[in-house]
>>> print(open('final-v3.cif').read())   # mmCIF, C-alpha atoms
data_start
loop_
_atom_site.group_PDB
_atom_site.id
_atom_site.type_symbol
_atom_site.label_atom_id
_atom_site.label_comp_id
_atom_site.auth_asym_id
_atom_site.auth_seq_id
_atom_site.Cartn_x
_atom_site.Cartn_y
_atom_site.Cartn_z
ATOM 1 C CA MET A 1 78.426 98.036 72.746
ATOM 2 C CA ARG A 2 77.375 94.506 71.755
ATOM 3 C CA ALA A 3 76.266 95.691 68.319
ATOM 4 C CA ASP A 4 79.761 97.078 67.665
ATOM 5 C CA ARG A 5 81.273 93.803 68.827
ATOM 6 C CA LEU A 6 79.043 91.790 66.493
ATOM 7 C CA VAL A 7 80.094 93.959 63.558
ATOM 8 C CA SER A 8 83.745 93.530 64.531
ATOM 9 C CA LEU A 9 83.259 89.761 64.737
ATOM 10 C CA VAL A 10 81.803 89.635 61.242
ATOM 11 C CA LEU A 11 84.619 91.778 59.863
ATOM 12 C CA LEU A 12 87.269 89.598 61.499
ATOM 13 C CA LEU A 13 85.776 86.528 59.867
ATOM 14 C CA ARG A 14 85.586 88.276 56.494
ATOM 15 C CA ARG A 15 89.207 89.276 56.675
ATOM 16 C CA HIS A 16 90.690 86.012 57.947
ATOM 17 C CA GLY A 17 88.246 83.495 56.512
ATOM 18 C CA GLN A 18 88.163 81.180 59.530
ATOM 19 C CA LEU A 19 89.040 81.779 63.165
ATOM 20 C CA SER A 20 88.718 79.732 66.332
ATOM 21 C CA ALA A 21 86.594 80.878 69.251
ATOM 22 C CA THR A 22 89.792 81.395 71.275
ATOM 23 C CA THR A 23 91.307 83.664 68.630
ATOM 24 C CA LEU A 24 88.075 85.647 68.288
ATOM 25 C CA ALA A 25 87.890 86.052 72.057
ATOM 26 C CA ARG A 26 91.433 87.399 72.142
ATOM 27 C CA GLU A 27 90.839 89.837 69.280
ATOM 28 C CA LEU A 28 87.566 91.120 70.753
ATOM 29 C CA GLU A 29 88.873 91.113 74.348
ATOM 30 C CA VAL A 30 85.976 88.984 75.640
ATOM 31 C CA SER A 31 85.525 85.413 76.875
ATOM 32 C CA THR A 32 85.045 82.429 74.572
ATOM 33 C CA ARG A 33 81.582 81.991 76.082
ATOM 34 C CA THR A 34 80.710 85.523 74.940
ATOM 35 C CA VAL A 35 81.981 84.708 71.452
ATOM 36 C CA LEU A 36 79.752 81.627 71.288
ATOM 37 C CA ARG A 37 76.734 83.681 72.361
ATOM 38 C CA ASP A 38 77.574 86.284 69.718
ATOM 39 C CA ILE A 39 77.830 83.574 67.046
ATOM 40 C CA GLU A 40 74.373 82.338 68.023
ATOM 41 C CA ALA A 41 73.013 85.897 67.843
ATOM 42 C CA LEU A 42 74.482 86.384 64.358
ATOM 43 C CA SER A 43 72.981 83.108 63.144
ATOM 44 C CA ALA A 44 69.584 84.071 64.555
ATOM 45 C CA ALA A 45 69.836 87.399 62.715
ATOM 46 C CA GLY A 46 70.425 85.628 59.412
ATOM 47 C CA VAL A 47 74.187 86.119 59.104
ATOM 48 C CA PRO A 48 75.575 82.998 57.351
ATOM 49 C CA VAL A 49 78.167 81.982 59.959
ATOM 50 C CA TYR A 50 78.967 78.291 60.336
ATOM 51 C CA ALA A 51 81.277 76.118 62.428
ATOM 52 C CA GLU A 52 84.049 73.859 61.135
ATOM 53 C CA ARG A 53 84.617 70.941 63.496
ATOM 54 C CA GLY A 54 87.927 69.289 64.282
ATOM 55 C CA ARG A 55 91.377 70.202 65.519
ATOM 56 C CA HIS A 56 91.830 72.994 62.996
ATOM 57 C CA GLY A 57 88.220 74.086 63.003
ATOM 58 C CA GLY A 58 86.624 77.365 63.845
ATOM 59 C CA PHE A 59 83.990 79.747 62.585
ATOM 60 C CA ALA A 60 83.644 81.131 59.067
ATOM 61 C CA LEU A 61 81.225 83.075 56.883
ATOM 62 C CA LEU A 62 79.691 82.264 53.559
ATOM 63 C CA PRO A 63 80.690 84.777 50.858
ATOM 64 C CA GLY A 64 78.734 88.017 50.778
ATOM 65 C CA PHE A 65 77.879 91.046 52.919
ATOM 66 C CA ARG A 66 80.581 93.146 51.302
ATOM 67 C CA THR A 67 80.485 96.779 50.306
ATOM 68 C CA GLU A 68 83.256 98.813 48.726
ATOM 69 C CA LEU A 69 84.627 102.165 49.810
ATOM 70 C CA THR A 70 85.680 103.448 46.408
ATOM 71 C CA GLY A 71 86.691 106.952 47.458
ATOM 72 C CA LEU A 72 90.030 105.818 48.921
ATOM 73 C CA ASN A 73 93.135 105.232 46.856
ATOM 74 C CA HIS A 74 95.907 102.863 47.931
ATOM 75 C CA ASP A 75 98.058 105.437 49.757
ATOM 76 C CA GLU A 76 95.055 106.861 51.612
ATOM 77 C CA ALA A 77 94.064 103.391 52.771
ATOM 78 C CA LEU A 78 97.647 102.710 53.832
ATOM 79 C CA ALA A 79 97.728 105.956 55.820
ATOM 80 C CA LEU A 80 94.582 104.923 57.704
ATOM 81 C CA LEU A 81 95.995 101.510 58.525
ATOM 82 C CA VAL A 82 99.290 102.980 59.717
ATOM 83 C CA ALA A 83 97.377 105.443 61.888
ATOM 84 C CA GLY A 84 95.547 102.483 63.351
ATOM 85 C CA SER A 85 98.836 101.031 64.553
ATOM 86 C CA ARG A 86 99.613 104.028 66.746
ATOM 87 C CA ARG A 87 99.072 103.704 70.486
ATOM 88 C CA GLY A 88 97.676 107.137 71.194
ATOM 89 C CA ALA A 89 94.170 105.730 71.006
ATOM 90 C CA GLN A 90 95.058 103.310 73.803
ATOM 91 C CA VAL A 91 96.078 106.223 76.021
ATOM 92 C CA PHE A 92 92.735 107.955 75.483
ATOM 93 C CA GLY A 93 90.683 104.790 75.942
ATOM 94 C CA LEU A 94 89.842 104.469 72.244
ATOM 95 C CA GLY A 95 91.911 101.401 71.422
ATOM 96 C CA SER A 96 89.017 98.999 70.836
ATOM 97 C CA SER A 97 87.078 101.610 68.848
ATOM 98 C CA LEU A 98 90.086 102.291 66.637
ATOM 99 C CA ALA A 99 90.633 98.587 66.013
ATOM 100 C CA SER A 100 86.987 98.190 65.049
ATOM 101 C CA ALA A 101 87.145 101.214 62.731
ATOM 102 C CA VAL A 102 90.259 99.915 60.979
ATOM 103 C CA LEU A 103 88.592 96.549 60.428
ATOM 104 C CA LYS A 104 85.612 98.280 58.836
ATOM 105 C CA VAL A 105 87.866 100.335 56.568
ATOM 106 C CA VAL A 106 89.801 97.244 55.462
ATOM 107 C CA ASP A 107 86.611 95.327 54.798
ATOM 108 C CA ALA A 108 85.118 98.178 52.750
ATOM 109 C CA LEU A 109 88.159 98.636 50.504
ATOM 110 C CA PRO A 110 88.023 97.488 46.884
ATOM 111 C CA GLU A 111 89.551 94.017 46.500
ATOM 112 C CA SER A 112 92.576 95.346 44.592
ATOM 113 C CA TYR A 113 93.445 97.770 47.417
ATOM 114 C CA ARG A 114 92.656 95.401 50.291
ATOM 115 C CA GLN A 115 95.413 92.918 49.572
ATOM 116 C CA THR A 116 98.150 95.404 48.673
ATOM 117 C CA ALA A 117 97.387 97.787 51.576
ATOM 118 C CA ALA A 118 97.299 94.984 54.144
ATOM 119 C CA GLY A 119 100.574 93.610 52.790
ATOM 120 C CA ALA A 120 102.232 97.040 52.890
ATOM 121 C CA VAL A 121 101.271 97.557 56.536
ATOM 122 C CA GLU A 122 103.145 94.362 57.410
ATOM 123 C CA ARG A 123 106.309 96.179 56.231
ATOM 124 C CA LEU A 124 105.867 99.069 58.672
ATOM 125 C CA LEU A 125 106.321 99.036 62.458
ATOM 126 C CA ILE A 126 105.320 102.147 64.395
ATOM 127 C CA ASP A 127 106.438 102.676 67.996
ATOM 128 C CA PRO A 128 107.412 99.098 68.971
ATOM 129 C CA GLU A 129 107.185 98.106 72.617
ATOM 130 C CA ILE A 130 110.984 97.887 72.994
ATOM 131 C CA ASP A 131 113.883 99.801 71.459
ATOM 132 C CA LEU A 132 117.225 98.490 70.172
ATOM 133 C CA LEU A 133 118.529 98.226 73.734
ATOM 134 C CA SER A 134 115.540 96.060 74.738
ATOM 135 C CA ARG A 135 114.148 98.834 76.909
ATOM 136 C CA ARG A 136 110.411 98.280 77.167
ATOM 137 C CA ALA A 137 108.033 101.215 76.910
ATOM 138 C CA VAL A 138 106.385 102.090 80.210
ATOM 139 C CA GLU A 139 102.700 101.258 80.098
ATOM 140 C CA GLU A 140 100.352 103.275 82.266
ATOM 141 C CA GLU A 141 97.288 101.879 83.987
ATOM 142 C CA LEU A 142 94.354 103.867 82.624
ATOM 143 C CA PRO A 143 90.901 102.717 83.762
ATOM 144 C CA ASP A 144 88.553 102.902 80.769
ATOM 145 C CA ALA A 145 85.691 104.389 82.803
ATOM 146 C CA VAL A 146 87.858 107.246 84.092
ATOM 147 C CA VAL A 147 89.374 108.065 80.699
ATOM 148 C CA ALA A 148 85.958 107.909 79.041
ATOM 149 C CA GLU A 149 84.524 110.396 81.549
ATOM 150 C CA VAL A 150 87.453 112.770 81.020
ATOM 151 C CA ARG A 151 87.130 112.444 77.249
ATOM 152 C CA ARG A 152 83.389 113.185 77.340
ATOM 153 C CA ALA A 153 83.923 116.350 79.384
ATOM 154 C CA VAL A 154 86.646 117.559 77.010
ATOM 155 C CA PHE A 155 84.503 117.063 73.915
ATOM 156 C CA ALA A 156 81.278 118.355 75.472
ATOM 157 C CA GLY A 157 82.934 121.456 76.909
ATOM 158 C CA HIS A 158 81.768 120.701 80.447
ATOM 159 C CA ARG A 159 83.547 121.194 83.730
ATOM 160 C CA LEU A 160 85.214 118.132 85.199
ATOM 161 C CA ARG A 161 85.620 116.952 88.777
ATOM 162 C CA ILE A 162 88.658 114.705 89.244
ATOM 163 C CA HIS A 163 90.105 112.791 92.159
ATOM 164 C CA TYR A 164 93.782 113.453 91.486
ATOM 165 C CA GLU A 165 96.843 112.002 93.195
ATOM 166 C CA ALA A 166 99.791 114.310 92.570
ATOM 167 C CA LYS A 167 103.259 112.828 92.979
ATOM 168 C CA GLY A 168 104.177 112.609 96.650
ATOM 169 C CA LYS A 169 100.811 113.959 97.819
ATOM 170 C CA ALA A 170 97.515 112.540 99.013
ATOM 171 C CA ALA A 171 94.719 112.343 96.449
ATOM 172 C CA GLU A 172 92.166 115.153 96.522
ATOM 173 C CA TRP A 173 89.127 116.267 94.511
ATOM 174 C CA ARG A 174 89.522 119.186 92.105
ATOM 175 C CA THR A 175 87.116 120.902 89.742
ATOM 176 C CA VAL A 176 88.780 121.951 86.487
ATOM 177 C CA ASP A 177 87.917 123.351 83.079
ATOM 178 C CA PRO A 178 89.231 120.813 80.531
ATOM 179 C CA ILE A 179 90.910 122.134 77.380
ATOM 180 C CA GLY A 180 92.286 119.081 75.590
ATOM 181 C CA LEU A 181 94.108 115.753 75.752
ATOM 182 C CA VAL A 182 97.748 115.133 74.798
ATOM 183 C CA THR A 183 99.740 111.912 74.465
ATOM 184 C CA VAL A 184 103.554 111.963 74.626
ATOM 185 C CA ARG A 185 105.688 108.796 74.589
ATOM 186 C CA GLU A 186 102.839 106.545 75.707
ATOM 187 C CA GLN A 187 101.806 108.940 78.498
ATOM 188 C CA GLY A 188 98.515 110.808 78.469
ATOM 189 C CA TYR A 189 97.854 114.275 79.870
ATOM 190 C CA LEU A 190 94.803 116.438 80.464
ATOM 191 C CA LEU A 191 95.337 120.130 79.747
ATOM 192 C CA ALA A 192 92.970 122.228 81.818
ATOM 193 C CA THR A 193 92.605 125.409 83.834
ATOM 194 C CA LYS A 194 91.736 125.722 87.515
ATOM 195 C CA ALA A 195 90.515 129.070 88.760
ATOM 196 C CA GLY A 196 91.879 130.561 85.535
ATOM 197 C CA GLU A 197 95.386 129.114 85.985
ATOM 198 C CA ASP A 198 96.911 126.621 83.532
ATOM 199 C CA ARG A 199 97.116 123.070 84.871
ATOM 200 C CA THR A 200 98.435 119.815 83.402
ATOM 201 C CA TYR A 201 97.273 116.492 84.861
ATOM 202 C CA ARG A 202 98.731 113.045 84.205
ATOM 203 C CA LEU A 203 95.862 110.757 83.187
ATOM 204 C CA SER A 204 97.320 107.799 85.094
ATOM 205 C CA ARG A 205 97.052 109.816 88.331
ATOM 206 C CA ILE A 206 93.340 110.548 87.937
ATOM 207 C CA LEU A 207 91.698 107.996 90.232
ATOM 208 C CA ALA A 208 88.105 108.997 89.479
ATOM 209 C CA ALA A 209 86.349 111.556 87.279
ATOM 210 C CA GLU A 210 82.894 113.095 87.025
ATOM 211 C CA GLU A 211 81.615 115.202 84.143
ATOM 212 C CA LEU A 212 79.563 118.127 85.478
ATOM 213 C CA ASP A 213 76.566 119.757 83.803
ATOM 214 C CA GLU A 214 77.964 123.290 83.919
ATOM 215 C CA PRO A 215 79.909 124.576 80.887
ATOM 216 C CA ALA A 216 83.690 124.822 81.077
ATOM 217 C CA GLN A 217 85.245 128.285 81.162
ATOM 218 C CA ARG A 218 87.497 128.016 78.116
ATOM 219 C CA PRO A 219 87.986 129.635 74.687
ATOM 220 C CA ASP A 220 85.980 128.296 71.764
ATOM 221 C CA ARG A 221 89.161 127.483 69.801
ATOM 222 C CA VAL A 222 92.456 126.148 71.073
ATOM 223 C CA ASP A 223 95.899 125.510 69.575
ATOM 224 C CA LEU A 224 96.897 122.413 71.544
ATOM 225 C CA ASP A 225 100.371 122.228 70.005
ATOM 226 C CA ARG A 226 101.160 125.777 71.110
ATOM 227 C CA ALA A 227 99.591 125.245 74.538
ATOM 228 C CA TRP A 228 101.689 122.121 75.080
ATOM 229 C CA GLN A 229 104.881 123.877 74.016
ATOM 230 C CA GLU A 230 104.225 126.751 76.413
ATOM 231 C CA ARG A 231 103.581 124.410 79.319
ATOM 232 C CA SER A 232 106.637 122.330 78.448
ATOM 233 C CA THR A 233 108.777 125.468 78.495
ATOM 234 C CA ARG A 234 107.458 126.463 81.915
ATOM 235 C CA PHE A 235 108.079 122.955 83.209
ATOM 236 C CA ARG A 236 111.671 122.905 81.958
ATOM 237 C CA THR A 237 112.510 126.251 83.500
ATOM 238 C CA GLY A 238 110.938 125.731 86.930
ATOM 239 C CA GLY A 239 111.567 123.766 90.112
ATOM 240 C CA ASP A 240 115.015 122.516 91.214
ATOM 241 C CA GLN A 241 116.417 122.122 87.734
ATOM 242 C CA VAL A 242 120.133 122.026 87.080
ATOM 243 C CA ALA A 243 121.935 123.548 84.079
ATOM 244 C CA VAL A 244 125.106 121.718 83.063
ATOM 245 C CA VAL A 245 127.841 122.797 80.639
ATOM 246 C CA LEU A 246 129.737 119.846 79.181
ATOM 247 C CA ARG A 247 131.664 118.416 76.275
ATOM 248 C CA VAL A 248 130.221 115.271 74.705
ATOM 249 C CA HIS A 249 131.297 113.015 71.867
ATOM 250 C CA PRO A 250 128.947 113.447 68.874
ATOM 251 C CA ALA A 251 128.180 109.712 68.868
ATOM 252 C CA ARG A 252 126.573 110.035 72.302
ATOM 253 C CA ARG A 253 124.636 113.240 71.648
ATOM 254 C CA GLU A 254 121.265 111.584 71.069
ATOM 255 C CA GLU A 255 121.607 109.577 74.266
ATOM 256 C CA LEU A 256 122.291 112.767 76.202
ATOM 257 C CA VAL A 257 119.417 114.643 74.593
ATOM 258 C CA GLY A 258 117.117 111.715 75.307
ATOM 259 C CA THR A 259 117.737 111.946 79.053
ATOM 260 C CA ALA A 260 117.996 115.735 79.476
ATOM 261 C CA LEU A 261 114.989 118.004 79.897
ATOM 262 C CA ALA A 262 116.192 120.562 77.367
ATOM 263 C CA VAL A 263 119.168 121.659 75.276
ATOM 264 C CA LEU A 264 119.905 125.297 76.115
ATOM 265 C CA ALA A 265 122.958 125.834 73.890
ATOM 266 C CA GLU A 266 125.164 123.835 71.529
ATOM 267 C CA GLU A 267 128.315 124.381 69.433
ATOM 268 C CA THR A 268 131.184 122.331 68.020
ATOM 269 C CA ASP A 269 134.399 122.112 70.046
ATOM 270 C CA ASP A 270 137.440 120.496 68.390
ATOM 271 C CA GLY A 271 135.559 117.455 67.099
ATOM 272 C CA TRP A 272 133.336 117.260 70.170
ATOM 273 C CA LEU A 273 130.166 119.136 71.073
ATOM 274 C CA ARG A 274 130.033 121.779 73.747
ATOM 275 C CA MET A 275 126.513 121.867 75.138
ATOM 276 C CA GLU A 276 124.459 123.389 77.915
ATOM 277 C CA VAL A 277 121.616 121.129 78.977
ATOM 278 C CA ALA A 278 119.021 121.161 81.741
ATOM 279 C CA PHE A 279 118.197 118.283 84.094
ATOM 280 C CA GLN A 280 115.317 117.838 86.521
ATOM 281 C CA ASP A 281 117.547 118.026 89.615
ATOM 282 C CA ALA A 282 121.034 117.216 90.892
ATOM 283 C CA ARG A 283 120.367 113.494 91.161
ATOM 284 C CA HIS A 284 119.064 113.355 87.591
ATOM 285 C CA ALA A 285 122.124 115.238 86.301
ATOM 286 C CA GLU A 286 124.613 112.965 88.062
ATOM 287 C CA TRP A 287 122.852 109.802 86.895
ATOM 288 C CA ALA A 288 122.607 110.947 83.251
ATOM 289 C CA LEU A 289 126.235 112.049 82.982
ATOM 290 C CA TRP A 290 127.495 108.873 84.658
ATOM 291 C CA GLN A 291 125.843 106.839 81.892
ATOM 292 C CA LEU A 292 128.036 108.583 79.294
ATOM 293 C CA SER A 293 131.260 107.489 81.007
ATOM 294 C CA THR A 294 134.360 108.984 79.299
ATOM 295 C CA SER A 295 132.301 110.124 76.285
ATOM 296 C CA ALA A 296 131.408 113.290 78.195
ATOM 297 C CA GLU A 297 133.136 115.774 80.456
ATOM 298 C CA VAL A 298 131.265 118.124 82.762
ATOM 299 C CA LEU A 299 132.720 121.650 82.747
ATOM 300 C CA GLU A 300 130.200 123.320 85.034
ATOM 301 C CA PRO A 301 129.034 123.202 87.797
ATOM 302 C CA GLN A 302 132.056 122.207 89.847
ATOM 303 C CA TRP A 303 130.046 120.255 92.418
ATOM 304 C CA LEU A 304 128.857 117.901 89.658
ATOM 305 C CA ARG A 305 132.453 117.354 88.477
ATOM 306 C CA ALA A 306 133.379 116.505 92.065
ATOM 307 C CA ALA A 307 130.416 114.142 92.462
ATOM 308 C CA LEU A 308 131.333 112.224 89.306
ATOM 309 C CA ARG A 309 135.015 112.119 90.314
ATOM 310 C CA ASP A 310 134.115 110.712 93.747
ATOM 311 C CA ARG A 311 131.819 108.105 92.203
ATOM 312 C CA ALA A 312 134.534 107.046 89.756
ATOM 313 C CA GLY A 313 137.017 106.834 92.634
ATOM 314 C CA SER A 314 134.688 104.550 94.578
ATOM 315 C CA VAL A 315 134.281 102.242 91.595
ATOM 316 C CA ALA A 316 138.052 102.187 90.989
ATOM 317 C CA ALA A 317 138.676 101.332 94.641
ATOM 318 C CA ARG A 318 136.161 98.495 94.529
ATOM 319 C CA TYR A 319 137.887 96.885 91.545
ATOM 320 C CA GLY A 320 141.428 97.938 92.421
ATOM 321 C CA GLU A 321 142.374 94.670 94.084
ATOM 322 C CA VAL A 322 142.832 91.510 91.999
ATOM 323 C CA ARG A 323 141.300 88.488 93.731
#
>>> encode(input="final-v3.cif", output="structure tokens")
Amino acid sequence: MRADRLVSLVLLLRRHGQLSATTLARELEVSTRTVLRDIEALSAAGVPVYAERGRHGGFALLPGFRTELTGLNHDEALALLVAGSRRGAQVFGLGSSLASAVLKVVDALPESYRQTAAGAVERLLIDPEIDLLSRRAVEEELPDAVVAEVRRAVFAGHRLRIHYEAKGKAAEWRTVDPIGLVTVREQGYLLATKAGEDRTYRLSRILAAEELDEPAQRPDRVDLDRAWQERSTRFRTGGDQVAVVLRVHPARREELVGTALAVLAEETDDGWLRMEVAFQDARHAEWALWQLSTSAEVLEPQWLRAALRDRAGSVAARYGEVR
């Protein structure tokens, strides 16, 4: 692990020219004391790193130690750098490895590509932390040790023992056959089977994991995209879900689709859209439709129309008197 960090340190200095110990510590996710020890180790190994004293000082490298990766053209290099800005690697515990790999790619690019590719990436933002309404993406707590153990079992094709805490239930140990890992909207999932039955586990709810020596009972090849679609379909059509028929203004369609589980039917209706959508349960349906205010009208079921009418009446009564 330290060897990778030393390489990353050298590449950071090559790319930026001079960096303070504090900045290096932040980039490498270690303490400043660790950075200073790493600098000493590099110097002892013959790497020409030196310190600039003063307020604006830091560490820098003498020119050299550069190789070129000539097989990449500009667009290919740009694609790699854009991929490095995605957060899926964070979900699977590969964030630091991805950052290190991107640094190595940038450092190995021909000089003519390095500057233009790095500048182009500054013009692209992929999956920012907040949207236009300042809603921040939900970040899950994923212990690196747990995710790494899950990842090893998936790649090695070994059975996996997990201590899993399902929503609303006490945590318990389960032995599963891992199939693959999926990330959706910053949330990670383990696709597996248990006693031959399909199972989907939220990574953030796995409290501990242990890779077993015995081989997993799973097919040699898997189509993860198809498997995820099938499981998503089963999820949308099970449980206490509620189907709602409504009219919605086209300008609010995306907001509706973003909160619903699925769109079951859709057609135009005199300038509006007539849609049938599914929600997780009654509470979810009432909350989502209330957000749309007068831009939507529930047609069915009648109990949902009544619930929204009663809620609107309560709000009107609260603000009915002028103080």
>>> resolve_selection(input="final-v3.cif", expression="the PyMOL selection byres ((chain A and resi 173) around 8)", output="list in words")
Arg161, Ile162, His163, Tyr164, Ala171, Glu172, Arg174 and Thr175 of chain A
>>> axis_aligned_box(input="final-v3.cif", around="range 42-51 of chain A", padding_each_side="4 Å", output="lines of an AutoDock Vina configuration file")
center_x = 75.4
center_y = 81.8
center_z = 61.0
size_x = 19.7
size_y = 19.3
size_z = 15.2
>>> resolve_selection(input="final-v3.cif", expression="the PyMOL selection byres ((chain A and resi 300) around 12)", output="ChimeraX atom specification")
/A:242-247,274-278,285,297-299,301-308
>>> closest_residue(input="final-v3.cif", among="A:Ala25, A:Val154, A:Leu19, A:Leu191", to="Arg5 in chain A", atoms="all atoms listed in the file")
A:Ala25
>>> resolve_selection(input="final-v3.cif", expression="the PyMOL selection byres ((chain A and resi 42) around 12)", output="list in words")
Arg2, Ala3, Arg5, Leu6, Val7, Ser8, Leu9, Val10, Val35, Leu36, Arg37, Asp38, Ile39, Glu40, Ala41, Ser43, Ala44, Ala45, Gly46, Val47, Pro48, Val49, Tyr50, Phe59, Ala60 and Leu61 of chain A
>>> residues_around(input="final-v3.cif", residues="Val146 in chain A", least_positions_apart="6", cutoff="9 Å", atoms="all atoms listed in the file", output="NGL selection string")
:A and (93 or 203 or 206-210)
>>> residues_around(input="final-v3.cif", residues="Ile179 in chain A", least_positions_apart="2", cutoff="9 Å", atoms="all atoms listed in the file", output="list of chain:residue names")
A:Val154, A:Phe155, A:Gly157, A:Asp177, A:Leu181, A:Leu190, A:Leu191, A:Ala192, A:Thr193, A:Ala216, A:Arg218, A:Pro219, A:Val222, A:Leu224
>>> write_last_selection(input="final-v3.cif", atoms="C-alpha atoms", output="PDB file, in the coordinates of the input")
ATOM      1  CA  VAL A 154      86.646 117.559  77.010  1.00  0.00           C
ATOM      2  CA  PHE A 155      84.503 117.063  73.915  1.00  0.00           C
ATOM      3  CA  GLY A 157      82.934 121.456  76.909  1.00  0.00           C
ATOM      4  CA  ASP A 177      87.917 123.351  83.079  1.00  0.00           C
ATOM      5  CA  LEU A 181      94.108 115.753  75.752  1.00  0.00           C
ATOM      6  CA  LEU A 190      94.803 116.438  80.464  1.00  0.00           C
ATOM      7  CA  LEU A 191      95.337 120.130  79.747  1.00  0.00           C
ATOM      8  CA  ALA A 192      92.970 122.228  81.818  1.00  0.00           C
ATOM      9  CA  THR A 193      92.605 125.409  83.834  1.00  0.00           C
ATOM     10  CA  ALA A 216      83.690 124.822  81.077  1.00  0.00           C
ATOM     11  CA  ARG A 218      87.497 128.016  78.116  1.00  0.00           C
ATOM     12  CA  PRO A 219      87.986 129.635  74.687  1.00  0.00           C
ATOM     13  CA  VAL A 222      92.456 126.148  71.073  1.00  0.00           C
ATOM     14  CA  LEU A 224      96.897 122.413  71.544  1.00  0.00           C
TER      15      LEU A 224
END
>>> atom_distance(input="final-v3.cif", atom1="CA of Ala227 in chain A", atom2="CA of Ala145 in chain A")
26.4 Å
>>> atom_distance(input="final-v3.cif", atom1="CA of Arg202 in chain A", atom2="CA of Gln187 in chain A")
7.7 Å
>>> atom_distance(input="final-v3.cif", atom1="CA of Ala282 in chain A", atom2="CA of Gln241 in chain A")
7.4 Å
